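**Q** Dropping in data-v1.tsv, with TSV, C-alpha atoms and all ligand atoms.
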```tsv
chain	number	residue	atom	x	y	z
U	1	MET	CA	-4.81	12.16	-32.90
U	2	GLN	CA	-7.67	11.43	-30.52
U	3	ILE	CA	-7.18	11.64	-26.79
U	4	ASN	CA	-8.04	8.83	-24.39
U	5	THR	CA	-11.44	10.19	-23.35
U	6	ASN	CA	-11.44	7.86	-20.34
U	7	LEU	CA	-9.18	10.38	-18.64
U	8	GLN	CA	-12.02	12.87	-18.82
U	9	HIS	CA	-14.10	10.56	-16.63
U	10	LEU	CA	-11.73	10.94	-13.70
U	11	ASP	CA	-12.70	13.16	-10.83
U	12	GLY	CA	-11.41	16.68	-11.54
U	13	ASN	CA	-8.51	16.29	-9.14
U	14	TYR	CA	-6.50	13.47	-7.68
U	15	LEU	CA	-8.05	13.00	-4.22
U	16	PHE	CA	-5.08	14.30	-2.28
U	17	THR	CA	-4.70	17.37	-4.49
U	18	GLU	CA	-8.34	18.13	-3.79
U	19	ILE	CA	-7.79	17.79	-0.03
U	20	ALA	CA	-4.73	20.07	-0.22
U	21	ASN	CA	-6.70	22.68	-2.20
U	22	ARG	CA	-9.61	22.67	0.22
U	23	THR	CA	-7.29	22.86	3.23
U	24	GLN	CA	-5.48	25.82	1.70
U	25	GLU	CA	-8.77	27.59	1.03
U	26	TYR	CA	-9.95	26.95	4.59
U	27	GLN	CA	-6.71	28.28	6.04
U	28	GLN	CA	-6.91	31.40	3.91
U	29	ASN	CA	-10.40	32.08	5.23
U	30	HIS	CA	-9.52	31.08	8.83
U	31	PRO	CA	-5.94	32.30	9.31
U	32	ASP	CA	-6.03	31.65	13.08
U	33	ALA	CA	-7.36	28.09	12.90
U	34	ARG	CA	-5.10	25.31	14.11
U	35	VAL	CA	-5.50	22.63	11.44
U	36	LEU	CA	-4.63	18.99	12.09
U	37	HIS	CA	-3.88	17.34	8.73
U	38	LEU	CA	-5.54	13.96	8.57
U	39	GLY	CA	-5.63	13.74	4.75
U	40	ILE	CA	-2.66	12.21	2.91
U	41	GLY	CA	-0.17	10.85	5.36
U	42	ASP	CA	3.54	10.50	4.99
U	43	VAL	CA	6.34	8.98	6.92
U	44	THR	CA	8.04	11.58	9.10
U	45	LEU	CA	10.94	9.80	10.79
U	46	PRO	CA	14.42	9.77	9.25
U	47	LEU	CA	15.78	6.50	7.88
U	48	PRO	CA	17.89	4.23	10.10
U	49	GLN	CA	21.63	4.96	9.79
U	50	VAL	CA	22.49	1.57	8.25
U	51	ILE	CA	20.20	2.35	5.30
U	52	ILE	CA	21.69	5.82	4.84
U	53	GLU	CA	25.18	4.30	4.86
U	54	ALA	CA	24.17	1.73	2.25
U	55	MET	CA	23.01	4.54	-0.02
U	56	HIS	CA	26.21	6.53	0.54
U	57	ARG	CA	28.25	3.46	-0.37
U	58	ALA	CA	26.18	2.90	-3.50
U	59	VAL	CA	26.73	6.50	-4.58
U	60	ASP	CA	30.49	6.13	-4.03
U	61	GLU	CA	30.53	2.96	-6.14
U	62	LEU	CA	29.15	4.99	-9.02
U	63	ALA	CA	32.06	7.42	-8.61
U	64	HIS	CA	34.76	4.87	-9.54
U	65	ALA	CA	35.32	3.02	-12.79
U	66	GLU	CA	35.99	-0.30	-10.99
U	67	THR	CA	32.68	-0.30	-9.13
U	68	PHE	CA	30.53	1.76	-11.48
U	69	CYS	CA	27.39	0.08	-12.78
U	70	GLY	CA	24.89	1.16	-15.39
U	71	TYR	CA	21.53	-0.40	-16.18
U	72	GLY	CA	20.70	-3.25	-13.84
U	73	PRO	CA	18.27	-6.09	-14.55
U	74	GLU	CA	14.87	-4.58	-15.43
U	75	VAL	CA	13.19	-6.83	-12.87
U	76	GLY	CA	15.64	-5.91	-10.09
U	77	TYR	CA	18.90	-7.27	-8.72
U	78	HIS	CA	18.95	-10.94	-7.84
U	79	TRP	CA	20.44	-10.20	-4.39
U	80	LEU	CA	17.45	-8.08	-3.45
U	81	ARG	CA	14.87	-10.51	-4.85
U	82	GLN	CA	16.50	-13.34	-2.90
U	83	ALA	CA	16.64	-11.25	0.32
U	84	ILE	CA	12.92	-10.50	-0.03
U	85	ILE	CA	12.11	-14.20	-0.34
U	86	ASP	CA	14.39	-15.16	2.56
U	87	ASN	CA	13.06	-12.49	4.93
U	88	ASP	CA	9.46	-11.82	3.93
U	89	TYR	CA	8.21	-15.15	2.58
U	90	THR	CA	10.25	-18.20	3.62
U	91	PRO	CA	9.62	-17.55	7.36
U	92	CYS	CA	5.84	-17.64	6.64
U	93	GLY	CA	6.20	-20.97	4.88
U	94	ILE	CA	5.74	-19.47	1.41
U	95	ARG	CA	8.02	-20.79	-1.33
U	96	LEU	CA	8.83	-18.44	-4.18
U	97	THR	CA	11.63	-18.23	-6.73
U	98	PRO	CA	13.45	-14.96	-7.56
U	99	ASP	CA	11.82	-15.07	-11.03
U	100	GLU	CA	8.49	-14.46	-9.35
U	101	VAL	CA	9.64	-11.31	-7.50
U	102	PHE	CA	9.82	-8.02	-9.43
U	103	ILE	CA	11.48	-4.95	-7.93
U	104	SER	CA	9.63	-1.70	-8.62
U	105	ASP	CA	10.04	1.99	-7.93
U	106	GLY	CA	7.11	1.72	-5.52
U	107	ALA	CA	3.77	0.03	-5.21
U	108	GLY	CA	1.93	2.98	-6.71
U	109	SER	CA	3.42	2.45	-10.16
U	110	ASP	CA	2.80	-1.30	-10.24
U	111	LEU	CA	-0.77	-0.99	-8.97
U	112	GLY	CA	-1.47	1.08	-12.05
U	113	ASN	CA	0.83	-0.71	-14.50
U	114	LEU	CA	-0.57	-4.17	-13.80
U	115	SER	CA	-3.63	-2.96	-15.67
U	116	ASP	CA	-1.61	-3.54	-18.88
U	117	LEU	CA	-1.96	-7.30	-18.42
U	118	PHE	CA	-5.73	-7.43	-18.65
U	119	ASP	CA	-8.36	-6.85	-21.28
U	120	THR	CA	-10.21	-3.57	-20.94
U	121	ALA	CA	-13.52	-5.48	-21.04
U	122	ASN	CA	-12.74	-6.97	-17.62
U	123	THR	CA	-14.82	-5.78	-14.69
U	124	VAL	CA	-12.98	-4.50	-11.62
U	125	ALA	CA	-14.12	-4.83	-8.00
U	126	ILE	CA	-12.92	-2.04	-5.74
U	127	LEU	CA	-13.54	-1.43	-2.06
U	128	GLU	CA	-15.33	1.79	-1.22
U	129	PRO	CA	-13.58	3.79	0.24
U	130	SER	CA	-10.24	2.91	-1.26
U	131	TYR	CA	-6.80	4.14	-2.14
U	132	PRO	CA	-7.46	6.28	-5.26
U	133	ALA	CA	-4.97	4.57	-7.62
U	134	TYR	CA	-7.22	1.52	-8.16
U	135	VAL	CA	-10.17	3.64	-9.20
U	136	ASP	CA	-8.32	6.07	-11.41
U	137	THR	CA	-6.34	3.33	-13.16
U	138	SER	CA	-9.50	1.37	-13.88
U	139	ARG	CA	-11.25	4.45	-15.21
U	140	MET	CA	-8.28	5.35	-17.43
U	141	ALA	CA	-8.57	1.91	-19.02
U	142	GLY	CA	-12.32	2.33	-19.38
U	143	ARG	CA	-13.18	-0.66	-17.22
U	144	GLN	CA	-16.49	-1.13	-15.47
U	145	ILE	CA	-16.16	-0.78	-11.70
U	146	ILE	CA	-18.10	-2.90	-9.22
U	147	TRP	CA	-18.14	-1.08	-5.89
U	148	LEU	CA	-17.84	-3.06	-2.68
U	149	PRO	CA	-19.07	-0.81	0.13
U	150	CYS	CA	-17.20	-0.97	3.43
U	151	LYS	CA	-19.32	0.60	6.12
U	152	ALA	CA	-19.81	0.51	9.86
U	153	GLU	CA	-22.77	-1.86	9.21
U	154	ASN	CA	-20.45	-4.51	7.74
U	155	ASN	CA	-17.63	-3.57	10.10
U	156	PHE	CA	-15.72	-2.29	7.04
U	157	HIS	CA	-15.38	-5.82	5.69
U	158	PRO	CA	-16.50	-6.00	2.05
U	159	ALA	CA	-19.03	-8.62	0.94
U	160	LEU	CA	-18.08	-10.81	-2.02
U	161	PRO	CA	-19.26	-9.23	-5.31
U	162	ALA	CA	-22.77	-10.22	-6.34
U	163	GLN	CA	-21.83	-10.07	-10.04
U	164	LYS	CA	-18.70	-11.55	-11.59
U	165	ALA	CA	-15.60	-9.45	-10.97
U	166	ASP	CA	-12.62	-10.27	-13.19
U	167	ILE	CA	-10.06	-8.11	-11.40
U	168	ILE	CA	-10.28	-7.53	-7.65
U	169	TYR	CA	-8.24	-4.95	-5.80
U	170	LEU	CA	-7.89	-5.84	-2.13
U	171	CYS	CA	-5.84	-3.84	0.37
U	172	PHE	CA	-5.22	-5.27	3.83
U	173	PRO	CA	-4.37	-3.90	6.35
U	174	ASN	CA	-6.66	-1.41	4.72
U	175	ASN	CA	-5.90	2.14	3.77
U	176	PRO	CA	-7.92	4.11	4.85
U	177	THR	CA	-10.17	2.15	7.25
U	178	GLY	CA	-7.46	0.24	9.13
U	179	THR	CA	-9.42	-3.03	8.74
U	180	VAL	CA	-7.70	-6.41	8.48
U	181	LEU	CA	-9.00	-9.73	7.15
U	182	THR	CA	-8.79	-12.96	9.08
U	183	ARG	CA	-7.46	-16.11	7.45
U	184	ASP	CA	-11.03	-17.41	6.93
U	185	GLU	CA	-12.18	-14.17	5.33
U	186	LEU	CA	-9.20	-14.04	2.99
U	187	THR	CA	-9.80	-17.70	2.11
U	188	GLN	CA	-13.29	-16.77	0.92
U	189	TRP	CA	-11.80	-14.23	-1.49
U	190	VAL	CA	-9.27	-16.72	-2.83
U	191	GLU	CA	-12.05	-19.24	-3.36
U	192	TYR	CA	-14.21	-16.64	-5.09
U	193	ALA	CA	-11.31	-15.83	-7.44
U	194	ARG	CA	-10.66	-19.51	-8.16
U	195	THR	CA	-14.32	-20.19	-8.92
U	196	ASN	CA	-14.71	-17.12	-11.12
U	197	HIS	CA	-11.28	-17.18	-12.79
U	198	SER	CA	-10.62	-13.74	-11.37
U	199	ILE	CA	-7.30	-12.20	-10.42
U	200	ILE	CA	-6.76	-10.56	-7.03
U	201	LEU	CA	-4.34	-7.64	-6.90
U	202	TYR	CA	-3.42	-7.75	-3.23
U	203	ASP	CA	-1.98	-4.51	-1.91
U	204	ALA	CA	-0.04	-5.42	1.22
U	205	ALA	CA	1.69	-2.05	1.69
U	206	TYR	CA	0.92	-2.14	5.42
U	207	GLU	CA	1.65	-5.78	6.27
U	208	ALA	CA	4.49	-4.71	8.60
U	209	PHE	CA	1.91	-3.20	10.96
U	210	ILE	CA	0.23	-6.56	11.62
U	211	GLU	CA	0.74	-7.76	15.20
U	212	ASP	CA	-2.03	-10.31	15.67
U	213	PRO	CA	-0.54	-13.74	14.85
U	214	ASP	CA	-3.86	-14.93	13.32
U	215	ILE	CA	-3.89	-12.23	10.63
U	216	PRO	CA	-2.14	-13.28	7.41
U	217	HIS	CA	0.69	-11.02	6.23
U	218	SER	CA	0.61	-12.38	2.70
U	219	ILE	CA	-2.25	-13.66	0.57
U	220	TYR	CA	-0.02	-16.63	-0.30
U	221	GLU	CA	-0.55	-17.92	3.23
U	222	ILE	CA	-3.92	-19.07	1.83
U	223	ASP	CA	-3.95	-22.37	-0.07
U	224	GLY	CA	-4.40	-21.96	-3.79
U	225	ALA	CA	-3.73	-18.19	-3.74
U	226	LYS	CA	-0.68	-18.49	-5.98
U	227	GLU	CA	-2.96	-19.30	-8.91
U	228	VAL	CA	-5.16	-16.25	-8.48
U	229	ALA	CA	-3.23	-13.49	-6.75
U	230	ILE	CA	-0.53	-10.93	-7.43
U	231	GLU	CA	0.85	-9.34	-4.26
U	232	ILE	CA	2.13	-5.78	-4.24
U	233	ARG	CA	4.37	-4.55	-1.45
U	234	SER	CA	6.42	-1.45	-0.79
U	235	PHE	CA	9.29	-0.30	1.36
U	236	SER	CA	7.53	3.09	1.61
U	237	LYS	CA	5.41	2.50	4.69
U	238	THR	CA	7.37	-0.45	6.06
U	239	ALA	CA	10.73	1.27	6.04
U	240	GLY	CA	10.04	4.97	5.42
U	241	PHE	CA	11.02	4.85	1.72
U	242	THR	CA	8.40	7.27	0.33
U	243	ALA	CA	11.20	9.48	-1.03
U	244	VAL	CA	13.68	6.69	-1.83
U	245	ARG	CA	11.17	4.81	-4.04
U	246	CYS	CA	11.39	1.03	-3.91
U	247	GLY	CA	8.81	-1.72	-3.76
U	248	TYR	CA	8.15	-5.15	-5.18
U	249	THR	CA	5.47	-7.20	-6.80
U	250	VAL	CA	5.11	-10.97	-6.62
U	251	VAL	CA	3.69	-12.62	-9.73
U	252	PRO	CA	3.68	-16.38	-9.11
U	253	GLU	CA	4.34	-18.73	-11.99
U	254	GLU	CA	0.96	-20.37	-11.27
U	255	THR	CA	-0.94	-17.23	-12.32
U	256	GLY	CA	0.27	-17.77	-15.88
U	257	LEU	CA	1.09	-14.04	-15.90
U	258	GLN	CA	4.71	-14.08	-14.73
U	259	ALA	CA	6.31	-14.13	-18.20
U	260	MET	CA	3.91	-11.46	-19.46
U	261	TRP	CA	4.67	-9.16	-16.55
U	262	SER	CA	8.39	-9.70	-17.07
U	263	ARG	CA	8.00	-8.83	-20.74
U	264	ARG	CA	6.00	-5.73	-19.91
U	265	GLN	CA	8.50	-4.52	-17.32
U	266	CYS	CA	11.49	-5.07	-19.61
U	267	THR	CA	9.83	-2.93	-22.26
U	268	LYS	CA	8.29	-0.15	-20.22
U	269	PHE	CA	10.42	-0.02	-17.06
U	270	ASN	CA	14.19	-0.04	-16.95
U	271	GLY	CA	14.46	-1.04	-13.32
U	272	ALA	CA	14.57	0.69	-9.95
U	273	SER	CA	17.64	2.74	-9.15
U	274	TYR	CA	20.74	0.88	-7.95
U	275	ILE	CA	20.93	3.21	-4.95
U	276	SER	CA	17.37	2.53	-3.82
U	277	GLN	CA	17.83	-1.23	-4.25
U	278	ARG	CA	20.97	-1.11	-2.09
U	279	ALA	CA	18.94	0.86	0.48
U	280	ALA	CA	16.19	-1.78	0.33
U	281	LEU	CA	18.73	-4.55	0.90
U	282	ALA	CA	19.96	-2.76	4.05
U	283	THR	CA	16.43	-2.95	5.52
U	284	TYR	CA	17.08	-6.68	6.02
U	285	THR	CA	20.25	-6.24	8.11
U	286	PRO	CA	19.82	-6.66	11.89
U	287	GLU	CA	20.36	-2.91	12.42
U	288	GLY	CA	17.98	-2.11	9.59
U	289	LYS	CA	15.28	-4.35	11.05
U	290	ALA	CA	15.70	-2.87	14.53
U	291	GLY	CA	15.57	0.71	13.23
U	292	ILE	CA	12.46	0.01	11.18
U	293	ARG	CA	10.75	-1.69	14.11
U	294	ALA	CA	11.42	1.36	16.29
U	295	ASN	CA	9.96	3.67	13.64
U	296	LEU	CA	6.88	1.49	13.16
U	297	ASN	CA	6.29	1.52	16.92
U	298	TYR	CA	6.33	5.30	16.86
U	299	TYR	CA	3.62	5.38	14.15
U	300	LYS	CA	1.58	2.84	16.09
U	301	GLN	CA	1.82	4.96	19.22
U	302	THR	CA	0.65	7.97	17.24
U	303	ALA	CA	-2.39	6.00	16.06
U	304	GLN	CA	-3.03	4.92	19.65
U	305	ILE	CA	-2.86	8.53	20.91
U	306	LEU	CA	-5.33	9.62	18.25
U	307	MET	CA	-7.65	6.72	19.04
U	308	ASP	CA	-7.53	7.38	22.77
U	309	GLY	CA	-8.13	11.08	22.25
U	310	LEU	CA	-11.05	10.55	19.90
U	311	ARG	CA	-12.60	7.90	22.15
U	312	THR	CA	-12.29	10.23	25.14
U	313	LEU	CA	-14.32	12.71	23.10
U	314	GLU	CA	-16.81	9.86	22.48
U	315	TYR	CA	-16.13	9.43	18.81
U	316	THR	CA	-16.58	5.98	17.31
U	317	VAL	CA	-13.20	4.83	16.04
U	318	TYR	CA	-12.26	1.84	13.86
U	319	GLY	CA	-8.92	0.36	12.82
U	320	GLY	CA	-5.70	1.38	14.53
U	321	GLN	CA	-4.75	-2.19	15.43
U	322	ASN	CA	-2.59	-4.06	12.94
U	323	ALA	CA	-2.71	-0.86	10.88
U	324	PRO	CA	-1.50	2.72	11.17
U	325	TYR	CA	-4.93	4.02	10.08
U	326	ILE	CA	-7.90	4.88	12.15
U	327	TRP	CA	-11.31	5.58	10.72
U	328	CYS	CA	-13.64	7.77	12.64
U	329	ARG	CA	-17.18	9.05	12.26
U	330	VAL	CA	-16.94	12.84	12.15
U	331	PRO	CA	-19.64	15.15	13.43
U	332	THR	CA	-22.02	16.63	10.90
U	333	PRO	CA	-20.50	20.03	10.03
U	334	ASP	CA	-23.59	22.14	10.69
U	335	LYS	CA	-24.22	20.36	13.99
U	336	ASP	CA	-20.94	20.24	15.80
U	337	LEU	CA	-17.87	21.98	14.56
U	338	SER	CA	-17.15	23.66	17.85
U	339	VAL	CA	-15.79	20.50	19.45
U	340	SER	CA	-12.43	21.29	20.99
U	341	LEU	CA	-9.68	18.72	20.68
U	342	PRO	CA	-6.96	18.42	23.30
U	343	SER	CA	-3.61	19.78	22.19
U	344	PRO	CA	-1.84	16.93	20.36
U	345	THR	CA	1.56	18.05	21.60
U	346	GLU	CA	0.43	17.87	25.23
U	347	LYS	CA	-0.96	14.41	24.71
U	348	MET	CA	2.08	13.17	22.79
U	349	SER	CA	4.53	14.33	25.43
U	350	SER	CA	2.50	12.84	28.26
U	351	LYS	CA	2.43	9.49	26.46
U	352	GLN	CA	6.00	9.04	25.32
V	401	LIG	C1	1.32	4.45	0.08
V	401	LIG	C2	0.54	3.38	-0.55
V	401	LIG	C3	0.94	2.80	-1.76
V	401	LIG	C4	2.05	3.36	-2.61
V	401	LIG	O1	3.27	3.27	-2.10
V	401	LIG	P1	4.57	3.62	-2.95
V	401	LIG	O2	5.36	2.37	-2.85
V	401	LIG	O3	5.19	4.76	-2.23
V	401	LIG	O4	4.21	3.96	-4.35
V	401	LIG	C5	0.21	1.76	-2.26
V	401	LIG	N1	-0.87	1.31	-1.64
V	401	LIG	C6	-1.31	1.85	-0.50
V	401	LIG	C7	-2.54	1.32	0.11
V	401	LIG	C8	-0.62	2.90	0.08
V	401	LIG	O5	-1.09	3.45	1.19
```
Could you rewrite the structure in this file as C-alpha cells?
**A**
Amino acid sequence: MQINTNLQHLDGNYLFTEIANRTQEYQQNHPDARVLHLGIGDVTLPLPQVIIEAMHRAVDELAHAETFCGYGPEVGYHWLRQAIIDNDYTPCGIRLTPDEVFISDGAGSDLGNLSDLFDTANTVAILEPSYPAYVDTSRMAGRQIIWLPCKAENNFHPALPAQKADIIYLCFPNNPTGTVLTRDELTQWVEYARTNHSIILYDAAYEAFIEDPDIPHSIYEIDGAKEVAIEIRSFSKTAGFTAVRCGYTVVPEETGLQAMWSRRQCTKFNGASYISQRAALATYTPEGKAGIRANLNYYKQTAQILMDGLRTLEYTVYGGQNAPYIWCRVPTPDKDLSVSLPSPTEKMSSKQ
C-alpha cells in the first residue's frame, strides 16, 4: 500500500480547526479577554415550526409498516427535485428537468466529490481568499491551482485567469468577502469557460441573501451557461440546515456530465436522508418561506450592525449587501490592538 501523498501537501490543519486552536490558545493566555468569534460562522436561529413538523412526521412514518420507507432514489426524491425547479428556477426563467437536479447531504460534499468527474491533469482556478474545500479538494487530487487574487485593489472581483483554467470554482455571493458579480461580470466568466472548454463549479450557497434585482441568483440566468456550469446550492445557509444536512447540485444535460454524475452518485452516495428531504420540501411551503425570510433578515441585520460599528470606528468594510459576510481590513497587530469595540449586546438591543 502507498498513501495518497497529495494529502501531505495540505496545510497542517483544516482552516477552521486552526482558527479554533489559535482562539483556544489565546483565551488560555488571556482568560479575561472578551473574544468575538468572527472565524467559522454558523446559523444560530432555530428552524421554522413547519419544517420541524415535517421532520416529526417523517420520523413517525418510519415507525409504521404501512408508511415505512428504506433506501430512496440515490439522486433524491422526485417531489423534492420538482419543488426545487418550481420554486428556485422556473420563476427566474430557467428551465430544468428533475434529471438535472441531484439532492445531496450538503454542498460541502458535492463541492469535493465533483472532482471525481475530471482528469487530475486539469488545472483549477480558485479565488484567493476562498472557502477551503475548493483548495483542499484540488490538492488531494494533485491538481495544479491557478490563484485568482481578490483584493481591495480589484474591489474583490477576480480577473479572468491569464493561463487556461480547466476547472473554475466561483462562489457568489462570496464567502468570505461578501462580493457579488453583476450579470455582465458573470457573462464574462461564462464566455471564458465556453472559449476555453472549461467547467465552472458555481457555489451559490448564499443566493438567498441577494436583494439587488440586477444581481443574478443562478449562473443559468446567463445565456450559454448550461453548457459550461454546474451549480451547487445548499439549504444550510438559506434555511438554517447546517445540522439537518441537505443541498442540491444542478448538472445540466448540456454539460455532457449529467449521466456521469448520476452514475457516480449511485455508486458512491446512497442518497440524502428521507427526513432531511422532507424537511427541505417544507422550506417551500408558505409558512416555511416566511420563517426562512424572517431568519435571513435577522442575519442581515447582524451584518448591518457589524458594518455600522466597524465604520463608526473608521474601519474599511466590504460586502454585507446581498451577502451575510463582511470583509474588513484589520489593524496591524503590533500597531493597534488596543482599539475598544462597543459592546455588541448594547448595539444589538438598540437596533432591534
Ligand atoms: C457553508 C458553505 C458550504 C457548505 O454547506 P453545506 O451544505 O452545509 O455542506 C458551501 N459553500 C460555501 C461557500 C459555504 O459557505
**Q** With only C-alpha atoms and all ligand atoms as the atoms that count, which of U:Arg233, U:Arg278, U:Arg311, U:Arg57 lies nearest to ligand LIG 401 (chain V)?
**A** U:Arg233
**Q** Looking at all atoms listed in the file, which of U:Arg22, U:His56, U:Lys289, U:Arg194 is the one that sits closest to Ser276 in chain U?
**A**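 Under the stated criterion, the closest residue is U:His56.
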**Q** What residues of the protein or nucleic acid chains come within 6 Å of ligand LIG 401 (chain V) when you use all atoms listed in the file? Reply as a list of chain:residue names.
**A** U:Gly106, U:Ala107, U:Gly108, U:Tyr131, U:Asn175, U:Asp203, U:Ala205, U:Ser234, U:Ser236, U:Thr242, U:Gly247
**Q** Compare U:Pro176, U:Gly70, U:Pro31, U:Pro129 by their minimum atom-to-atom distance to Tyr325 in chain U, counting all atoms listed in the file, and give me the closest one.
**A**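 Looking at the shortest contact to Tyr325 in chain U, the residue is U:Pro176.
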**Q** For a test of reading the model, state the distance in Å between CA of Gln2 in chain U and CA of Leu111 in chain U, rounded to one decimal.
**A**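 The value is 25.8 Å.
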**Q** When you count all atoms listed in the file, which of these residues is closest to Thr5 in chain U: U:Leu80, U:Ile126, U:Ala141, U:Leu117?
**A**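 Going through U:Leu80, U:Ile126, U:Ala141, U:Leu117 one by one, the smallest distance to Thr5 in chain U is for U:Ala141.
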**Q** Is it possible to dump range 21-29 of chain U as a compact mmCIF listing (two decimals), in the first residue's frame, including just all heavy atoms?
**A**
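New file result21.txt:
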```
# COMPACT_ATOMS: atom_id res chain seq x y z
N ASN U 21 -8.08 26.37 17.26
CA ASN U 21 -6.90 26.11 18.09
C ASN U 21 -6.26 27.41 18.57
O ASN U 21 -5.91 27.56 19.73
CB ASN U 21 -5.86 25.30 17.32
CG ASN U 21 -6.33 23.87 17.08
OD1 ASN U 21 -7.31 23.43 17.68
ND2 ASN U 21 -5.65 23.15 16.19
N ARG U 22 -6.11 28.35 17.62
CA ARG U 22 -5.46 29.61 17.99
C ARG U 22 -6.33 30.41 18.97
O ARG U 22 -5.81 31.06 19.88
CB ARG U 22 -5.21 30.46 16.74
CG ARG U 22 -4.09 29.90 15.89
CD ARG U 22 -3.57 30.96 14.96
NE ARG U 22 -2.99 30.37 13.77
CZ ARG U 22 -2.51 31.07 12.77
NH1 ARG U 22 -2.56 32.38 12.80
NH2 ARG U 22 -1.99 30.47 11.73
N THR U 23 -7.65 30.35 18.77
CA THR U 23 -8.55 31.07 19.68
C THR U 23 -8.43 30.49 21.08
O THR U 23 -8.34 31.23 22.07
CB THR U 23 -10.01 30.94 19.19
OG1 THR U 23 -10.06 31.29 17.82
CG2 THR U 23 -10.95 31.84 19.98
N GLN U 24 -8.42 29.15 21.13
CA GLN U 24 -8.32 28.49 22.44
C GLN U 24 -7.03 28.88 23.15
O GLN U 24 -7.02 29.21 24.33
CB GLN U 24 -8.38 26.98 22.24
CG GLN U 24 -8.69 26.24 23.51
CD GLN U 24 -8.57 24.72 23.32
OE1 GLN U 24 -8.17 24.25 22.25
NE2 GLN U 24 -8.90 23.99 24.35
N GLU U 25 -5.93 28.90 22.39
CA GLU U 25 -4.64 29.25 22.97
C GLU U 25 -4.67 30.69 23.51
O GLU U 25 -4.23 30.98 24.61
CB GLU U 25 -3.55 29.09 21.91
CG GLU U 25 -2.15 29.23 22.46
CD GLU U 25 -1.12 29.29 21.34
OE1 GLU U 25 -1.19 28.45 20.43
OE2 GLU U 25 -0.26 30.20 21.38
N TYR U 26 -5.26 31.59 22.69
CA TYR U 26 -5.34 32.99 23.11
C TYR U 26 -6.15 33.13 24.39
O TYR U 26 -5.76 33.85 25.31
CB TYR U 26 -5.96 33.83 21.98
CG TYR U 26 -6.02 35.31 22.31
CD1 TYR U 26 -4.93 36.14 22.05
CD2 TYR U 26 -7.14 35.87 22.92
CE1 TYR U 26 -4.96 37.48 22.37
CE2 TYR U 26 -7.18 37.21 23.26
CZ TYR U 26 -6.08 38.02 22.97
OH TYR U 26 -6.12 39.35 23.31
N GLN U 27 -7.26 32.39 24.44
CA GLN U 27 -8.12 32.51 25.63
C GLN U 27 -7.46 31.96 26.88
O GLN U 27 -7.66 32.47 27.97
CB GLN U 27 -9.47 31.82 25.37
CG GLN U 27 -10.37 32.72 24.54
CD GLN U 27 -11.73 32.11 24.28
OE1 GLN U 27 -11.84 30.99 23.81
NE2 GLN U 27 -12.78 32.86 24.57
N GLN U 28 -6.65 30.89 26.67
CA GLN U 28 -5.92 30.35 27.82
C GLN U 28 -4.93 31.38 28.36
O GLN U 28 -4.80 31.55 29.57
CB GLN U 28 -5.17 29.08 27.41
CG GLN U 28 -5.98 27.83 27.74
CD GLN U 28 -5.52 26.62 26.96
OE1 GLN U 28 -4.48 26.65 26.29
NE2 GLN U 28 -6.28 25.55 27.03
N ASN U 29 -4.29 32.09 27.45
CA ASN U 29 -3.29 33.08 27.87
C ASN U 29 -3.92 34.40 28.31
O ASN U 29 -3.27 35.21 28.95
CB ASN U 29 -2.29 33.34 26.74
CG ASN U 29 -1.50 32.08 26.41
OD1 ASN U 29 -1.34 31.22 27.27
ND2 ASN U 29 -1.03 31.97 25.19
```
